[in-house]
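Structure, as structure tokens:
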2 protein chains.
Amino acid sequence: MPKLDIETIPQSNKTGYPAPFDAAVAGRWWRRLAPVGGLTEMGASHVVLQPGAWSSQRHWHNDEDELLVMLTGEAVLVEDDGRTVLRPGDVCAWPKGATNGHHLINESDAPCSFIAISAGNRSGTGAYSDIDMKFDAAGYYRKDGTPYPTERMK
Amino acid sequence: MPKLDIETIPQSNKTGYPAPFDAAVAGRWWRRLAPVGGLTEMGASHVVLQPGAWSSQRHWHNDEDELLVMLTGEAVLVEDDGRTVLRPGDVCAWPKGATNGHHLINESDAPCSFIAISAGNRSGTGAYSDIDMKFDAAGYYRKDGTPYPTERMK
């Protein structure tokens, strides 16, 4: 059925981030839509951020484009050059290789939700703007290349 | 700016469909988001359907996945096996190669809007469920291969 029955898709707040970087995303509840929908050319997730939760550590991808569609509630997009409030119907685009890291923070007192889509080389790399961390397909590393002891979520 | 200023992006109701198949999409007003956002790994459009308008002729893609996120209003998804009403927050996924053709019809008396995303081989092929037409990157053809005299929109 092409219309996804989102409520029936398992929800998780798991993360591969090593401590202490995992704490900020404990209130991020995601559902993977692409496997349920049979899609192989893009990734797609339904994400709920509880009040206070971050969508991720502030990051960029070197090899994947990202698109976000706000569904409900309000979140603040944080980037190198400032803050932007996002509301339902807003759409954000982050091209691969743009090193202006981004994430969303739910600073409101109610949940917010969005759809996040990605396309490109899922085995690629990226890095984080505010912490000593970068990633590849397998895991997380300090910027000097020393691995952290956790694996990336698929 | 990653948050797209959708209202400032040019809107068009152009189509490459040959007559008489173009009439049903005359009330479909699209904006191309991916070029404005700098995305190259996916296509993304903001689409408004005026009352009565179709999103497309009922079709499928052999080489591209599609995802749709309803933003406002109401539309009816039509496929081989029936009709499904779509409302804000609904998400549909159409894997490449699934020959159960799909389109949306705005049967309401108000505009509706959605975001449509695609990824995969943009030079691929596809076909239409209800009319004597198929497509490749260059144009439209009868199912026996005879070309129609119009070009596909990019």
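Chains: A, B, ... in order of the structure tokens. Residues: from 1 per chain. Ligands: from 1, in order shown.
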Can you tell me which residues surround Met133 of chain B at a distance of at most 7 Å, considering only C-alpha atoms, apart from same-chain residues fewer than 4 positions away, and format the answer as a ChimeraX atom specification?
/B:127-128,140-143
Could you please tell me, as an MDAnalysis selection string, which residues of chain A have an atom within 10 Å of chain B when using only C-alpha atoms?
chainID A and resid 1:6 33:44 46 63:72 77 79 81 84:86 88:96 98 100 102 113:115 117:121
Work out how far atom CA of Ala137 of chain B is from atom CA of Gly97 of chain B, in Å to one decimal.
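So the answer is 15.8 Å.
Nearest residue to Asp109 of chain B, choosing from B:Ala23, B:Ala75, B:Ile9, B:Met153 and counting only C-alpha atoms: B:Ala75.
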For Asp130 of chain B, list every protein, DNA or RNA residue within 12 Å, evaluated using only C-alpha atoms, and leave out those in the same chain fewer than 4 positions away; present the list as a ChimeraX atom specification.
/B:21,56-60,78-80,100-103,134,143
For N, CA, C and O atoms, I'd like the residues from the last selection saved as a JSON list (two decimals), in the first residue's frame.
```
[["chain", "number", "residue", "atom", "x", "y", "z"],
["B", 21, "PHE", "N", -3.86, 14.65, -23.45],
["B", 21, "PHE", "CA", -3.52, 14.20, -22.09],
["B", 21, "PHE", "C", -3.07, 15.35, -21.20],
["B", 21, "PHE", "O", -2.89, 15.18, -20.00],
["B", 56, "SER", "N", -0.83, 14.05, -12.36],
["B", 56, "SER", "CA", -0.21, 13.50, -13.58],
["B", 56, "SER", "C", -1.23, 12.57, -14.20],
["B", 56, "SER", "O", -2.26, 12.28, -13.60],
["B", 57, "GLN", "N", -0.95, 12.08, -15.39],
["B", 57, "GLN", "CA", -1.64, 10.89, -15.85],
["B", 57, "GLN", "C", -1.18, 9.73, -14.94],
["B", 57, "GLN", "O", -0.06, 9.76, -14.41],
["B", 58, "ARG", "N", -2.02, 8.74, -14.77],
["B", 58, "ARG", "CA", -1.67, 7.62, -13.87],
["B", 58, "ARG", "C", -0.50, 6.86, -14.47],
["B", 58, "ARG", "O", -0.58, 6.38, -15.60],
["B", 59, "HIS", "N", 0.61, 6.74, -13.73],
["B", 59, "HIS", "CA", 1.89, 6.31, -14.29],
["B", 59, "HIS", "C", 2.71, 5.53, -13.28],
["B", 59, "HIS", "O", 2.40, 5.50, -12.09],
["B", 60, "TRP", "N", 3.81, 4.98, -13.77],
["B", 60, "TRP", "CA", 4.85, 4.47, -12.88],
["B", 60, "TRP", "C", 6.21, 4.72, -13.53],
["B", 60, "TRP", "O", 6.30, 4.97, -14.73],
["B", 78, "VAL", "N", -5.31, 7.43, -6.73],
["B", 78, "VAL", "CA", -5.95, 6.39, -7.55],
["B", 78, "VAL", "C", -4.88, 5.41, -8.02],
["B", 78, "VAL", "O", -3.84, 5.83, -8.55],
["B", 79, "GLU", "N", -5.15, 4.13, -7.83],
["B", 79, "GLU", "CA", -4.25, 3.05, -8.27],
["B", 79, "GLU", "C", -5.08, 1.91, -8.82],
["B", 79, "GLU", "O", -6.31, 1.95, -8.80],
["B", 80, "ASP", "N", -4.41, 0.85, -9.29],
["B", 80, "ASP", "CA", -5.13, -0.30, -9.85],
["B", 80, "ASP", "C", -6.19, -0.83, -8.91],
["B", 80, "ASP", "O", -7.26, -1.27, -9.33],
["B", 100, "ASN", "N", 1.99, -0.80, -10.70],
["B", 100, "ASN", "CA", 0.68, -0.34, -10.24],
["B", 100, "ASN", "C", 0.68, 1.19, -10.32],
["B", 100, "ASN", "O", 1.14, 1.87, -9.40],
["B", 101, "GLY", "N", 0.18, 1.71, -11.45],
["B", 101, "GLY", "CA", 0.26, 3.16, -11.69],
["B", 101, "GLY", "C", -0.50, 3.96, -10.64],
["B", 101, "GLY", "O", -1.46, 3.48, -10.05],
["B", 102, "HIS", "N", -0.06, 5.21, -10.45],
["B", 102, "HIS", "CA", -0.64, 6.07, -9.41],
["B", 102, "HIS", "C", -0.76, 7.51, -9.91],
["B", 102, "HIS", "O", 0.04, 7.97, -10.72],
["B", 103, "HIS", "N", -1.78, 8.18, -9.42],
["B", 103, "HIS", "CA", -1.82, 9.64, -9.49],
["B", 103, "HIS", "C", -2.78, 10.15, -8.44],
["B", 103, "HIS", "O", -3.51, 9.37, -7.82],
["B", 134, "LYS", "N", 3.81, 5.83, -23.13],
["B", 134, "LYS", "CA", 4.94, 5.51, -22.27],
["B", 134, "LYS", "C", 5.97, 6.62, -22.45],
["B", 134, "LYS", "O", 5.80, 7.49, -23.31],
["B", 143, "LYS", "N", 2.40, 2.99, -27.04],
["B", 143, "LYS", "CA", 3.00, 1.76, -26.52],
["B", 143, "LYS", "C", 3.63, 0.91, -27.64],
["B", 143, "LYS", "O", 4.48, 0.06, -27.37]]
```
Taking the DSSP assignment computed from this structure's backbone, write out as an MDAnalysis selection string all residues of segment 15-123 of chain A that belong to strand (DSSP E).
chainID A and resid 28:32 43:49 59:61 64:72 75:79 82:86 91:94 103:105 112:120
So what do you get for atom CA of Cys112 of chain B versus atom CA of Trp30 of chain A, distance-wise?
26.8 Å
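Rounded to one decimal, atom CA of Thr8 of chain B and atom CA of Asn106 of chain B lie 24.0 Å from each other.
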Select from segment 2-144 of chain B everything DSSP, run on the backbone, classes as alpha helix (DSSP H), then give the selection as a list of chain:residue names.
B:Ala34, B:Pro35, B:Val36, B:Gly37
Go ahead and save the residues from that selection, with N, CA and C atoms, as a PDB file, in the first residue's frame.
```pdb
ATOM      1  N   ALA B  34      14.620  21.265  -5.940  1.00  0.00           N
ATOM      2  CA  ALA B  34      15.981  20.721  -5.882  1.00  0.00           C
ATOM      3  C   ALA B  34      17.014  21.688  -6.466  1.00  0.00           C
ATOM      4  N   PRO B  35      16.766  22.287  -7.634  1.00  0.00           N
ATOM      5  CA  PRO B  35      17.780  23.216  -8.164  1.00  0.00           C
ATOM      6  C   PRO B  35      17.983  24.421  -7.247  1.00  0.00           C
ATOM      7  N   VAL B  36      16.910  24.931  -6.669  1.00  0.00           N
ATOM      8  CA  VAL B  36      17.029  26.085  -5.769  1.00  0.00           C
ATOM      9  C   VAL B  36      17.820  25.704  -4.522  1.00  0.00           C
ATOM     10  N   GLY B  37      17.606  24.475  -4.032  1.00  0.00           N
ATOM     11  CA  GLY B  37      18.294  24.018  -2.836  1.00  0.00           C
ATOM     12  C   GLY B  37      19.684  23.476  -3.098  1.00  0.00           C
TER      13      GLY B  37
END
```
